[in-house]
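Asker: This is the structure, below, for whatever I ask next.
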Amino acid sequence: AEPTAPATAPPLPLLAPEAASAAGTSTVRCFGRFALEVGGQPIDLSGLTPRLRSLAWFLAVNADEIVHAERVVDALWPEADLTAGRRNLQVAVSALRQVVEPGARRGGWVVIAREGEGYRLSLGGGSSDLRAFELAAARARRERSAAGAEIALALYGGDLIPEAGPVTWLVERRDACRRAAADVALLLAECRLAEGDPAAAVAACEADLAIDRYLDGLWRTLVDAAEAKGDRAVAARAQRDYAAVLADLGL
């Protein structure tokens with residue numbers, strides 16, 4: 001089931017016009033709950049229509065990349081023909097800019113910029129937790145680094161924009177991030193076990209269960225780590241739980 005955003009999360013205040021585009025620096029958070037800051041000021045998207053929020057999310061997961069207009073139309077207006085879809089996109093971009101950069105003059109937008117046949121949400125020297133995670137996870141796996149794995153896991157704060165729900169254009173990227181986080185957590189457990197620290201390996205495995213309980217190597221490593229730690233109860237429980245998972249999968 002798709003997780004939902006915390007019900008108690010406080011609304012973010014609107015960006016004050018005088019602070020708009022302070023330095024064109026954007027900070028994007030996509031894991032756990034979406035958040036966008038521009039010039040150090042949080043942007044409130046709660047009052048926008050679902051389509052406008054989806055546009056913000058779409059541009060954010062592709063932050064600092066030029067996204068062709070046709071790609072955006074295909075994702076957000078799949079029922080429209082190209083001409084109508086482009087017109088819808090132009091209207092939506094204009095409306096979103098009024099929220100993200102309310103103090104900017106027409107043609108002076110720097111956060112949501114037109115680039116040739118596409119649009120780009122510019123970080124302007126800011127950061128994206130999604131981009132940082134993907135780079136850190138790839139590096140950790142390439143180098144088989146426990147320290148790198150810890151960095152990547154610290155960046156992974158839960159599912160990718162869970163409040164968006166199971167929208168087609170986001171599901172594949174969300175699943176890929178979840179798999180990457182699970183793989184990195186397993187890597188951390190394997191490294192700790194190889195280093196002779198089975199307790200840390202058990203802890204890493206148990207944390208990984210919250211990400212992906214269907215990862216085969218996770219259960220095997222958990223059993224090995226628990227046995228190396230001398231904790232027969234944890235090893236036996238892991239074997240039972242693993243058998244239940246296999247039964248759920250029909251294996």
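Letters for chains follow the order of the structure tokens (A, B, ...), residue numbers begin at 1 for each chain, and ligand numbers begin at 1 in the order shown.
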Contacts of stretch 44-60 of chain A at 10 Å or less, counting only C-alpha atoms, minus same-chain residues fewer than 5 places along, as JSON, numbers by chain?
Answerer: {"A": [11, 12, 13, 14, 15, 26, 27, 28, 29, 30, 34, 35, 36, 37, 65, 66, 67, 72, 73, 75, 76, 77, 89, 91, 92, 93, 95, 96, 97, 99, 100, 112, 119, 120, 121, 122, 123, 128, 130, 161, 164, 167, 169, 170]}
Asker: If you run DSSP over the backbone, which residues in stretch 2-234 of chain A end up alpha helix (DSSP H)? Put them as number ranges by chain.
Answerer: A: 50-61, 69-76, 82-100, 129-143, 146-155, 168-194, 198-209, 216-229, 232-234
Asker: Check the smallest atom-to-atom distance from each of A:Asp216, A:Thr83, A:Asp74, A:Ser94 to A:Thr168 using only C-alpha atoms, then report the winner.
Answerer: A:Asp74
Asker: Give the strand (DSSP E) residues of stretch 3-146 of chain A, as DSSP finds them on the backbone, and put them as a list in words.
Answerer: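 Matching residues for strand (DSSP E) in stretch 3-146 of chain A are Ser26, Thr27, Val28, Arg29, Ala35, Leu36, Glu37, Val38, Gln41, Pro42, Val67, His68, Ile112, Ala113, Arg114, Glu115, Gly118, Tyr119, Arg120, Leu121, Ser127 and Ser128 of chain A.
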Asker: Next, dump the selected residues to file, keeping only C-alpha atoms, as a PDB file, in the first residue's frame.
Answerer:
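Written file, part.pdb:
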```pdb
ATOM      1  CA  SER A  26      16.046  26.189  -4.529  1.00  0.00           C
ATOM      2  CA  THR A  27      15.999  23.325  -2.063  1.00  0.00           C
ATOM      3  CA  VAL A  28      13.839  20.346  -2.941  1.00  0.00           C
ATOM      4  CA  ARG A  29      12.818  17.543  -0.614  1.00  0.00           C
ATOM      5  CA  ALA A  35       8.874  20.432   0.362  1.00  0.00           C
ATOM      6  CA  LEU A  36      10.255  23.250  -1.744  1.00  0.00           C
ATOM      7  CA  GLU A  37      12.191  26.286  -0.600  1.00  0.00           C
ATOM      8  CA  VAL A  38      13.238  29.232  -2.735  1.00  0.00           C
ATOM      9  CA  GLN A  41      11.749  30.538   2.157  1.00  0.00           C
ATOM     10  CA  PRO A  42       9.316  27.568   2.128  1.00  0.00           C
ATOM     11  CA  VAL A  67      12.133  18.449 -19.379  1.00  0.00           C
ATOM     12  CA  HIS A  68      10.658  18.598 -22.873  1.00  0.00           C
ATOM     13  CA  ILE A 112      10.971  27.647 -13.329  1.00  0.00           C
ATOM     14  CA  ALA A 113      12.723  28.588 -16.534  1.00  0.00           C
ATOM     15  CA  ARG A 114      11.815  27.982 -20.165  1.00  0.00           C
ATOM     16  CA  GLU A 115      14.704  26.224 -21.910  1.00  0.00           C
ATOM     17  CA  GLY A 118      11.177  22.424 -22.331  1.00  0.00           C
ATOM     18  CA  TYR A 119      11.122  23.644 -18.757  1.00  0.00           C
ATOM     19  CA  ARG A 120      13.571  23.349 -15.911  1.00  0.00           C
ATOM     20  CA  LEU A 121      13.218  23.773 -12.174  1.00  0.00           C
ATOM     21  CA  SER A 127      20.019  20.927  -3.409  1.00  0.00           C
ATOM     22  CA  SER A 128      17.715  18.004  -4.124  1.00  0.00           C
TER      23      SER A 128
END
```
Asker: For A:Ala236, work out the shell of residues within 12 Å, counting only C-alpha atoms and skipping chain neighbours fewer than 4 positions away, then give it as a PyMOL selection string.
Answerer: chain A and resi 219-220+222-227+230-232+240-243
Asker: A:Arg237, A:Lys229, A:Arg71, A:Arg174: which is nearest A:Val202, counting only C-alpha atoms?
Answerer: A:Lys229
Asker: Report as a PyMOL selection string all protein, DNA and RNA residues lying within 9 Å of A:Ala149, evaluated on only C-alpha atoms, omitting residues in the same chain fewer than 2 positions from it.
Answerer: chain A and resi 136-137+139-141+144-147+151-154+181+184-185+187-188
